[in-house]
$ cat run-v2.pdb   # PDB, C-alpha atoms and all ligand atoms
ATOM      1  CA  MET A  35      68.625  93.327  79.384
ATOM      2  CA  ASN A  36      70.419  95.815  77.074
ATOM      3  CA  GLU A  37      71.086  95.389  73.330
ATOM      4  CA  ILE A  38      74.637  94.084  73.839
ATOM      5  CA  ASP A  39      73.467  91.481  76.383
ATOM      6  CA  LYS A  40      70.669  90.346  74.031
ATOM      7  CA  GLU A  41      73.057  90.044  71.105
ATOM      8  CA  ALA A  42      75.549  88.174  73.335
ATOM      9  CA  ARG A  43      72.810  85.729  74.385
ATOM     10  CA  ASP A  44      71.803  85.174  70.734
ATOM     11  CA  GLN A  45      75.409  84.440  69.776
ATOM     12  CA  GLU A  46      75.802  82.056  72.748
ATOM     13  CA  ILE A  47      78.501  84.231  74.243
ATOM     14  CA  ILE A  48      79.549  83.367  77.781
ATOM     15  CA  GLN A  49      81.505  85.938  79.781
ATOM     16  CA  ARG A  50      82.976  86.118  83.261
ATOM     17  CA  ASP A  51      81.130  87.709  86.148
ATOM     18  CA  LYS A  52      81.793  91.457  86.254
ATOM     19  CA  ASN A  53      82.041  91.636  90.055
ATOM     20  CA  GLU A  54      84.574  88.807  90.135
ATOM     21  CA  LEU A  55      86.662  90.633  87.501
ATOM     22  CA  ALA A  56      86.348  94.007  89.252
ATOM     23  CA  SER A  57      87.540  92.580  92.568
ATOM     24  CA  GLY A  58      90.603  90.989  90.972
ATOM     25  CA  TYR A  59      92.795  94.150  90.813
ATOM     26  CA  PRO A  60      95.863  93.034  92.831
ATOM     27  CA  LYS A  61      97.354  95.399  95.435
ATOM     28  CA  TRP A  62     100.880  94.290  94.520
ATOM     29  CA  PHE A  63     100.301  95.295  90.896
ATOM     30  CA  ARG A  64      99.012  98.718  91.945
ATOM     31  CA  ALA A  65     102.284  99.218  93.892
ATOM     32  CA  ILE A  66     104.294  98.297  90.763
ATOM     33  CA  GLU A  67     102.137 100.652  88.678
ATOM     34  CA  ILE A  68     102.846 103.558  91.056
ATOM     35  CA  VAL A  69     106.622 102.913  90.875
ATOM     36  CA  GLY A  70     106.353 102.587  87.054
ATOM     37  CA  LEU A  71     104.469 105.872  86.785
ATOM     38  CA  PHE A  72     107.046 107.647  88.966
ATOM     39  CA  LEU A  73     109.931 106.310  86.829
ATOM     40  CA  PHE A  74     108.058 107.128  83.608
ATOM     41  CA  LEU A  75     107.507 110.744  84.647
ATOM     42  CA  SER A  76     111.118 111.092  85.849
ATOM     43  CA  PHE A  77     112.553 109.745  82.582
ATOM     44  CA  ALA A  78     110.106 111.809  80.497
ATOM     45  CA  PHE A  79     111.107 114.938  82.434
ATOM     46  CA  ILE A  80     114.834 114.372  81.740
ATOM     47  CA  ILE A  81     114.191 113.670  78.033
ATOM     48  CA  SER A  82     111.932 116.708  77.696
ATOM     49  CA  TRP A  83     114.797 118.885  78.960
ATOM     50  CA  LYS A  84     117.160 117.329  76.412
ATOM     51  CA  ILE A  85     114.584 118.043  73.696
ATOM     52  CA  ILE A  86     114.139 121.645  74.833
ATOM     53  CA  ALA A  87     117.936 122.131  74.949
ATOM     54  CA  SER A  88     118.314 120.828  71.386
ATOM     55  CA  PHE A  89     115.196 122.470  69.983
ATOM     56  CA  HIS A  90     116.976 125.482  68.421
ATOM     57  CA  GLU A  91     118.930 123.188  66.066
ATOM     58  CA  LEU A  92     116.416 120.319  65.689
ATOM     59  CA  TRP A  93     113.074 122.147  65.698
ATOM     60  CA  PHE A  94     112.209 120.732  62.247
ATOM     61  CA  LEU A  95     112.083 117.191  63.713
ATOM     62  CA  SER A  96     109.417 118.015  66.256
ATOM     63  CA  LEU A  97     106.279 118.169  64.074
ATOM     64  CA  PRO A  98     106.958 114.942  62.078
ATOM     65  CA  ALA A  99     107.918 113.156  65.341
ATOM     66  CA  LEU A 100     104.772 114.432  67.034
ATOM     67  CA  ILE A 101     102.439 113.327  64.215
ATOM     68  CA  LEU A 102     104.177 109.967  63.826
ATOM     69  CA  GLY A 103     104.084 109.494  67.606
ATOM     70  CA  TRP A 104     100.352 110.251  67.617
ATOM     71  CA  VAL A 105      99.635 107.740  64.834
ATOM     72  CA  PHE A 106     101.880 105.048  66.339
ATOM     73  CA  SER A 107     100.337 105.451  69.780
ATOM     74  CA  ASP A 108      97.007 104.536  68.158
ATOM     75  CA  PHE A 109      98.622 101.480  66.580
ATOM     76  CA  ILE A 110     100.521 100.316  69.703
ATOM     77  CA  GLY A 111      97.440 100.844  71.879
ATOM     78  CA  GLY A 112      95.390  98.866  69.345
ATOM     79  CA  VAL A 113      97.814  95.939  69.264
ATOM     80  CA  VAL A 114      98.043  95.752  73.072
ATOM     81  CA  HIS A 115      94.236  96.008  73.340
ATOM     82  CA  TRP A 116      93.801  93.249  70.742
ATOM     83  CA  ALA A 117      96.295  90.992  72.558
ATOM     84  CA  GLY A 118      94.605  91.597  75.929
ATOM     85  CA  ASP A 119      91.134  90.950  74.497
ATOM     86  CA  THR A 120      92.038  87.918  72.430
ATOM     87  CA  TRP A 121      94.638  85.744  74.133
ATOM     88  CA  GLY A 122      95.245  84.256  77.561
ATOM     89  CA  SER A 123      93.156  83.972  80.676
ATOM     90  CA  VAL A 124      92.666  85.915  83.891
ATOM     91  CA  ASP A 125      93.586  82.650  85.620
ATOM     92  CA  ILE A 126      97.207  82.778  84.374
ATOM     93  CA  PRO A 127      99.383  83.519  87.424
ATOM     94  CA  ILE A 128     100.647  87.141  87.708
ATOM     95  CA  LEU A 129      99.886  88.218  84.099
ATOM     96  CA  GLY A 130      96.209  87.220  84.298
ATOM     97  CA  PRO A 131      94.987  89.394  87.162
ATOM     98  CA  ALA A 132      97.465  92.210  86.415
ATOM     99  CA  LEU A 133      97.318  92.646  82.645
ATOM    100  CA  ILE A 134      94.534  90.514  81.117
ATOM    101  CA  ARG A 135      91.757  91.129  83.677
ATOM    102  CA  PRO A 136      91.163  94.860  82.836
ATOM    103  CA  PHE A 137      90.440  93.990  79.179
ATOM    104  CA  ARG A 138      87.957  91.271  80.131
ATOM    105  CA  GLU A 139      86.294  93.495  82.708
ATOM    106  CA  HIS A 140      85.823  96.219  80.105
ATOM    107  CA  HIS A 141      83.726  93.958  77.859
ATOM    108  CA  VAL A 142      81.337  92.886  80.605
ATOM    109  CA  ASP A 143      81.131  96.306  82.246
ATOM    110  CA  GLN A 144      81.989  99.184  79.901
ATOM    111  CA  LEU A 145      81.402 101.811  82.568
ATOM    112  CA  ALA A 146      83.768 100.254  85.125
ATOM    113  CA  ILE A 147      86.610 102.246  83.529
ATOM    114  CA  THR A 148      84.809 105.500  84.390
ATOM    115  CA  ARG A 149      84.979 104.519  88.077
ATOM    116  CA  HIS A 150      88.704 103.726  87.999
ATOM    117  CA  ASP A 151      91.055 106.292  89.556
ATOM    118  CA  PHE A 152      94.035 107.847  87.734
ATOM    119  CA  ILE A 153      96.452 105.053  88.712
ATOM    120  CA  GLU A 154      94.176 102.157  87.736
ATOM    121  CA  THR A 155      93.298 103.891  84.451
ATOM    122  CA  ASN A 156      96.723 105.050  83.284
ATOM    123  CA  ALA A 157      99.658 103.608  85.215
ATOM    124  CA  ALA A 158      99.817 100.306  83.293
ATOM    125  CA  CYS A 159     100.417 102.356  80.119
ATOM    126  CA  ALA A 160     103.255 104.170  81.905
ATOM    127  CA  LEU A 161     104.709 100.825  82.927
ATOM    128  CA  ALA A 162     104.879  99.771  79.272
ATOM    129  CA  GLY A 163     106.623 102.998  78.224
ATOM    130  CA  THR A 164     109.160 103.143  81.069
ATOM    131  CA  PRO A 165     111.795 100.709  79.650
ATOM    132  CA  ILE A 166     111.634 102.409  76.229
ATOM    133  CA  LEU A 167     112.160 105.848  77.774
ATOM    134  CA  PHE A 168     115.001 104.398  79.857
ATOM    135  CA  VAL A 169     116.837 103.366  76.663
ATOM    136  CA  CYS A 170     116.248 106.859  75.203
ATOM    137  CA  LEU A 171     118.017 108.409  78.188
ATOM    138  CA  PHE A 172     121.299 107.073  76.780
ATOM    139  CA  LEU A 173     120.806 108.101  73.150
ATOM    140  CA  PRO A 174     122.623 111.222  71.947
ATOM    141  CA  ILE A 175     120.630 114.270  70.845
ATOM    142  CA  GLY A 176     122.119 116.952  68.608
ATOM    143  CA  SER A 177     122.625 118.112  65.017
ATOM    144  CA  SER A 178     125.402 115.543  64.472
ATOM    145  CA  HIS A 179     123.003 112.692  65.413
ATOM    146  CA  LYS A 180     119.875 113.619  63.492
ATOM    147  CA  PHE A 181     118.461 110.100  63.105
ATOM    148  CA  LEU A 182     118.917 109.147  66.755
ATOM    149  CA  SER A 183     117.585 112.557  67.786
ATOM    150  CA  PHE A 184     114.484 111.927  65.689
ATOM    151  CA  CYS A 185     114.086 108.509  67.388
ATOM    152  CA  VAL A 186     114.214 110.159  70.818
ATOM    153  CA  TYR A 187     111.702 112.876  69.805
ATOM    154  CA  PHE A 188     109.394 110.244  68.292
ATOM    155  CA  VAL A 189     109.601 107.811  71.226
ATOM    156  CA  PHE A 190     109.084 110.667  73.684
ATOM    157  CA  PHE A 191     105.875 111.833  71.970
ATOM    158  CA  MET A 192     104.644 108.290  71.363
ATOM    159  CA  THR A 193     105.078 107.168  74.983
ATOM    160  CA  ILE A 194     103.412 110.349  76.273
ATOM    161  CA  PHE A 195     100.433 109.684  73.998
ATOM    162  CA  VAL A 196     100.394 105.989  74.979
ATOM    163  CA  LEU A 197     100.337 107.122  78.614
ATOM    164  CA  PHE A 198      97.068 108.945  77.909
ATOM    165  CA  THR A 199      95.541 106.264  75.656
ATOM    166  CA  ASN A 200      93.399 104.715  78.353
ATOM    167  CA  GLN A 201      92.441 108.146  79.698
ATOM    168  CA  ILE A 202      91.201 109.047  76.206
ATOM    169  CA  HIS A 203      89.400 105.688  76.100
ATOM    170  CA  LYS A 204      87.854 106.462  79.502
ATOM    171  CA  TRP A 205      86.589 109.823  78.196
ATOM    172  CA  ALA A 206      84.937 107.988  75.278
ATOM    173  CA  HIS A 207      82.846 106.137  77.891
ATOM    174  CA  SER A 208      82.234 109.130  80.183
ATOM    175  CA  LYS A 209      78.636 110.331  80.321
ATOM    176  CA  LYS A 210      79.611 113.989  80.684
ATOM    177  CA  PRO A 211      83.115 114.796  79.427
ATOM    178  CA  ASN A 212      84.005 118.503  79.545
ATOM    179  CA  LEU A 213      83.526 120.788  76.527
ATOM    180  CA  LEU A 214      87.164 120.659  75.366
ATOM    181  CA  ILE A 215      87.144 116.836  75.399
ATOM    182  CA  LYS A 216      83.840 116.807  73.506
ATOM    183  CA  ILE A 217      85.315 119.073  70.808
ATOM    184  CA  LEU A 218      88.434 116.898  70.509
ATOM    185  CA  GLN A 219      86.199 113.804  70.253
ATOM    186  CA  LYS A 220      83.956 115.443  67.678
ATOM    187  CA  TYR A 221      86.905 116.277  65.409
ATOM    188  CA  ARG A 222      88.433 112.809  66.008
ATOM    189  CA  ILE A 223      91.619 114.125  67.622
ATOM    190  CA  PHE A 224      90.563 111.910  70.558
ATOM    191  CA  LEU A 225      88.652 108.620  70.234
ATOM    192  CA  ASN A 226      85.075 109.393  69.230
ATOM    193  CA  PRO A 227      82.460 107.597  71.415
ATOM    194  CA  GLU A 228      80.231 106.652  68.459
ATOM    195  CA  HIS A 229      83.243 105.262  66.581
ATOM    196  CA  HIS A 230      84.297 103.277  69.681
ATOM    197  CA  LYS A 231      80.830 101.684  69.988
ATOM    198  CA  ILE A 232      81.804  99.517  67.013
ATOM    199  CA  HIS A 233      84.385  97.780  69.230
ATOM    200  CA  HIS A 234      81.752  97.130  71.892
ATOM    201  CA  THR A 235      79.505  95.330  69.441
ATOM    202  CA  VAL A 236      79.559  91.571  70.099
ATOM    203  CA  PRO A 237      81.755  89.600  69.571
ATOM    204  CA  PHE A 238      84.176  92.512  70.310
ATOM    205  CA  ASN A 239      86.588  91.587  67.513
ATOM    206  CA  LYS A 240      87.279  94.830  65.658
ATOM    207  CA  TYR A 241      88.214  98.536  66.094
ATOM    208  CA  TYR A 242      90.805  97.947  68.834
ATOM    209  CA  CYS A 243      92.575 101.325  68.388
ATOM    210  CA  ILE A 244      91.527 103.647  71.186
ATOM    211  CA  THR A 245      93.693 106.780  71.019
ATOM    212  CA  THR A 246      92.386 108.496  67.899
ATOM    213  CA  GLY A 247      90.793 105.472  66.216
ATOM    214  CA  TRP A 248      92.259 106.713  62.894
ATOM    215  CA  LEU A 249      93.801 103.323  62.139
ATOM    216  CA  ASN A 250      90.652 101.263  62.766
ATOM    217  CA  PRO A 251      89.186 101.468  59.233
ATOM    218  CA  ILE A 252      92.639 100.929  57.684
ATOM    219  CA  LEU A 253      93.455  97.863  59.819
ATOM    220  CA  THR A 254      89.945  96.489  59.193
ATOM    221  CA  TYR A 255      90.393  96.974  55.428
ATOM    222  CA  LEU A 256      93.753  95.171  55.596
ATOM    223  CA  ASP A 257      92.184  92.350  57.676
ATOM    224  CA  PHE A 258      95.184  92.945  59.949
ATOM    225  CA  PHE A 259      94.029  91.393  63.244
ATOM    226  CA  PRO A 260      92.142  88.392  61.756
ATOM    227  CA  LYS A 261      95.248  87.549  59.672
ATOM    228  CA  LEU A 262      97.424  87.776  62.789
ATOM    229  CA  GLU A 263      94.966  85.562  64.687
ATOM    230  CA  ARG A 264      94.913  82.930  61.956
ATOM    231  CA  PHE A 265      98.724  82.923  61.931
ATOM    232  CA  ILE A 266      98.968  82.509  65.734
ATOM    233  CA  THR A 267      96.230  79.852  65.821
ATOM    234  CA  LYS A 268      97.939  77.899  63.049
ATOM    235  CA  TYR A 269     101.182  77.620  65.009
ATOM    236  CA  THR A 270      99.937  77.484  68.611
ATOM    237  CA  LYS A 271      96.442  75.941  68.220
ATOM    238  CA  ALA A 272      95.234  78.595  70.700
ATOM    239  CA  LEU A 273      91.615  79.661  70.185
ATOM    240  CA  PRO A 274      91.253  83.461  69.915
ATOM    241  CA  ARG A 275      88.965  85.101  72.553
ATOM    242  CA  ARG A 276      88.093  81.703  74.047
ATOM    243  CA  GLU A 277      87.891  83.182  77.501
ATOM    244  CA  ASP A 278      86.392  86.521  76.545
ATOM    245  CA  ILE A 279      83.297  85.091  74.838
ATOM    246  CA  GLY A 280      83.411  81.363  75.691
ATOM    247  CA  GLN A 281      84.602  78.262  73.836
ATOM    248  CA  LYS A 282      81.444  77.754  71.721
ATOM    249  CA  ALA A 283      81.161  81.340  70.442
ATOM    250  CA  ALA A 284      84.927  81.526  69.804
ATOM    251  CA  GLU A 285      84.846  78.293  67.784
ATOM    252  CA  LYS A 286      81.905  79.599  65.748
ATOM    253  CA  LEU A 287      83.916  82.694  64.814
ATOM    254  CA  LEU A 288      86.662  80.535  63.375
ATOM    255  CA  THR A 289      84.320  78.762  60.972
TER     256      THR A 289
HETATM  257 ZN    ZN A 301      88.203  95.413  73.946
HETATM  258 ZN    ZN A 302      85.769 100.804  75.494
END
$ encode --input "run-v2.pdb" --output "structure tokens"
Amino acid sequence: MNEIDKEARDQEIIQRDKNELASGYPKWFRAIEIVGLFLFLSFAFIISWKIIASFHELWFLSLPALILGWVFSDFIGGVVHWAGDTWGSVDIPILGPALIRPFREHHVDQLAITRHDFIETNAACALAGTPILFVCLFLPIGSSHKFLSFCVYFVFFMTIFVLFTNQIHKWAHSKKPNLLIKILQKYRIFLNPEHHKIHHTVPFNKYYCITTGWLNPILTYLDFFPKLERFITKYTKALPRREDIGQKAAEKLLT
């Protein structure tokens, strides 16, 4: 029994069976993910050409949009991760096996992600970015539309980074990432494995950001996710992470 399992037992945490969760990846959702990834890459390709064509007059927007996109991808990834970890059940039709199951599987078997192929790891992130990129296709880019151009630059960078969020997360769990990845992890450009271990400490209720992890200490300081949970529980009576750690352990966290 490893340290996490011991701690989970001490805190009376009850989790789903890892094999049951691993076998619940629906074929129909994989087909949707492949279509989503294809559309995402097509839209991103068109927008990248628009950005390149406008670059000579809007070059000064690129660095702020890139940095903001990088920071926001950490935030968006963190919020989605928090929602997937905290609310709902794998038994909910359609959403459960497709979107909630991977989060629950990751807490009972951290290394499962390292065995997932490119589609299972990344395509759900593409699916989330596809409608936003679709809207950007229709926004004007040019020196007479600086604000909208900035929005397109920002959304483009952010969705590209969101696309790679789970890949970066996967590398944080990989036993032997390559040298370049290790350097990027060391200097916290990518999620640092030691930093990410804090999330995998029972009861798995902090440090949800998994792109750079830069926002984790800030959101923890602001009590951001617990405040959001208290707000949602107040109005819905839903118990946060009831299914992830079991009714008893989830109730104890509330007190
Ligand atoms: Zn998690
Ligand atoms: Zn993880």
$ residues_near_ligand --input "run-v2.pdb" --ligand "ligand ZN 301 (chain A)" --cutoff "10 Å" --atoms "only C-alpha atoms and all ligand atoms" --output "NGL selection string"
:A and (112 or 114-120 or 136-142 or 144 or 230 or 233-235 or 237-244 or 278)
$ resolve_selection --input "run-v2.pdb" --expression "the PyMOL selection byres (((chain A and resi 207) around 12) and not hetatm)" --output "PyMOL selection string"
chain A and resi 140+143-150+200-206+208-211+215-216+219+225-231+234+244
$ closest_residue --input "run-v2.pdb" --among "A:Ile279, A:Leu97, A:Ala65, A:Ile110" --to "A:Val196" --atoms "all atoms listed in the file"
A:Ile110
$ resolve_selection --input "run-v2.pdb" --expression "the PyMOL selection byres (((chain A and resi 190) around 8) and not hetatm)" --output "ChimeraX atom specification"
/A:78,81-82,103,167,186-189,191-194
$ closest_residue --input "run-v2.pdb" --among "A:Ile66, A:Ala272, A:Cys170, A:Ile232" --to "ligand ZN 302 (chain A)" --atoms "only C-alpha atoms and all ligand atoms"
A:Ile232
$ residues_around --input "run-v2.pdb" --residues "A:Gly280" --least-positions-apart "6" --cutoff "12 Å" --atoms "only C-alpha atoms" --output "list in words"
Ala42, Arg43, Gln45, Glu46, Ile47, Ile48, Gln49, Arg50, Thr120, Ser123, Arg138, Pro237, Leu273, Pro274, Lys286 and Leu287 of chain A
$ atom_distance --input "run-v2.pdb" --atom1 "atom CA of A:Leu55" --atom2 "atom CA of A:Arg135"
6.4 Å
$ axis_aligned_box --input "run-v2.pdb" --around "stretch 79-87 of chain A" --padding-each-side "8 Å" --output "lines of an AutoDock Vina configuration file"
center_x = 114.5
center_y = 117.9
center_z = 78.1
size_x = 22.8
size_y = 24.5
size_z = 24.7
$ atom_distance --input "run-v2.pdb" --atom1 "atom CA of A:Phe63" --atom2 "atom CA of A:Ala157"
10.1 Å
$ closest_residue --input "run-v2.pdb" --among "A:Glu67, A:Phe172, A:Ser177, A:Pro131" --to "A:Ala87" --atoms "only C-alpha atoms"
A:Ser177
$ closest_residue --input "run-v2.pdb" --among "A:Ile266, A:Gly58, A:Thr199, A:Ile80" --to "ligand ZN 302 (chain A)" --atoms "all atoms listed in the file"
A:Thr199
$ residues_around --input "run-v2.pdb" --residues "A:Leu71" --least-positions-apart "3" --cutoff "6 Å" --atoms "all atoms listed in the file" --output "list in words"
Ile68, Phe74, Ala157 and Ala160 of chain A
$ resolve_selection --input "run-v2.pdb" --expression "the PyMOL selection byres (((chain A and resi 248) around 9) and not hetatm)" --output "list in words"
Val105, Asp108, Arg222, Ile223, Leu225, Cys243, Ile244, Thr245, Thr246, Gly247, Leu249, Asn250, Pro251 and Ile252 of chain A
$ write_last_selection --input "run-v2.pdb" --atoms "C-alpha atoms" --output "short mmCIF file (atom, residue, chain, number, x, y, z; two decimals), in the frame of the given file"
data_model
loop_
_atom_site.label_atom_id
_atom_site.label_comp_id
_atom_site.auth_asym_id
_atom_site.auth_seq_id
_atom_site.Cartn_x
_atom_site.Cartn_y
_atom_site.Cartn_z
CA VAL A 105 99.64 107.74 64.83
CA ASP A 108 97.01 104.54 68.16
CA ARG A 222 88.43 112.81 66.01
CA ILE A 223 91.62 114.12 67.62
CA LEU A 225 88.65 108.62 70.23
CA CYS A 243 92.58 101.32 68.39
CA ILE A 244 91.53 103.65 71.19
CA THR A 245 93.69 106.78 71.02
CA THR A 246 92.39 108.50 67.90
CA GLY A 247 90.79 105.47 66.22
CA LEU A 249 93.80 103.32 62.14
CA ASN A 250 90.65 101.26 62.77
CA PRO A 251 89.19 101.47 59.23
CA ILE A 252 92.64 100.93 57.68
#
$ closest_residue --input "run-v2.pdb" --among "A:Ile134, A:Asn156, A:Lys282, A:Arg275" --to "A:Phe195" --atoms "only C-alpha atoms"
A:Asn156
$ atom_distance --input "run-v2.pdb" --atom1 "atom CA of A:Asp151" --atom2 "atom CA of A:Trp121"
25.9 Å
$ closest_residue --input "run-v2.pdb" --among "A:Trp83, A:Phe258, A:Phe106, A:Trp62" --to "A:Ile128" --atoms "all atoms listed in the file"
A:Trp62
$ decode --input "run-v2.pdb" --residues "stretch 140-168 of chain A" --atoms "C-alpha atoms" --output "mmCIF file, in the first residue's frame"
data_model
loop_
_atom_site.group_PDB
_atom_site.id
_atom_site.type_symbol
_atom_site.label_atom_id
_atom_site.label_comp_id
_atom_site.auth_asym_id
_atom_site.auth_seq_id
_atom_site.Cartn_x
_atom_site.Cartn_y
_atom_site.Cartn_z
ATOM 1 C CA HIS A 140 -6.652 10.032 -12.639
ATOM 2 C CA HIS A 141 -7.072 10.122 -8.848
ATOM 3 C CA VAL A 142 -7.191 6.351 -8.438
ATOM 4 C CA ASP A 143 -4.500 5.633 -11.022
ATOM 5 C CA GLN A 144 -2.141 8.561 -11.632
ATOM 6 C CA LEU A 145 -0.088 6.652 -14.180
ATOM 7 C CA ALA A 146 -3.056 5.701 -16.383
ATOM 8 C CA ILE A 147 -2.598 9.016 -18.225
ATOM 9 C CA THR A 148 0.917 7.948 -19.264
ATOM 10 C CA ARG A 149 -0.618 4.945 -21.058
ATOM 11 C CA HIS A 150 -3.207 7.016 -22.935
ATOM 12 C CA ASP A 151 -2.547 7.678 -26.631
ATOM 13 C CA PHE A 152 -2.487 11.163 -28.203
ATOM 14 C CA ILE A 153 -6.249 11.234 -28.872
ATOM 15 C CA GLU A 154 -7.322 10.091 -25.399
ATOM 16 C CA THR A 155 -4.858 12.517 -23.785
ATOM 17 C CA ASN A 156 -5.472 15.665 -25.822
ATOM 18 C CA ALA A 157 -8.534 15.561 -28.066
ATOM 19 C CA ALA A 158 -11.054 16.499 -25.348
ATOM 20 C CA CYS A 159 -9.112 19.763 -24.883
ATOM 21 C CA ALA A 160 -9.374 20.376 -28.637
ATOM 22 C CA LEU A 161 -13.104 19.740 -28.450
ATOM 23 C CA ALA A 162 -13.455 22.504 -25.854
ATOM 24 C CA GLY A 163 -11.483 24.998 -27.963
ATOM 25 C CA THR A 164 -13.164 24.265 -31.308
ATOM 26 C CA PRO A 165 -16.333 26.424 -30.875
ATOM 27 C CA ILE A 166 -14.246 29.367 -29.611
ATOM 28 C CA LEU A 167 -11.903 29.154 -32.604
ATOM 29 C CA PHE A 168 -14.948 28.874 -34.875
#
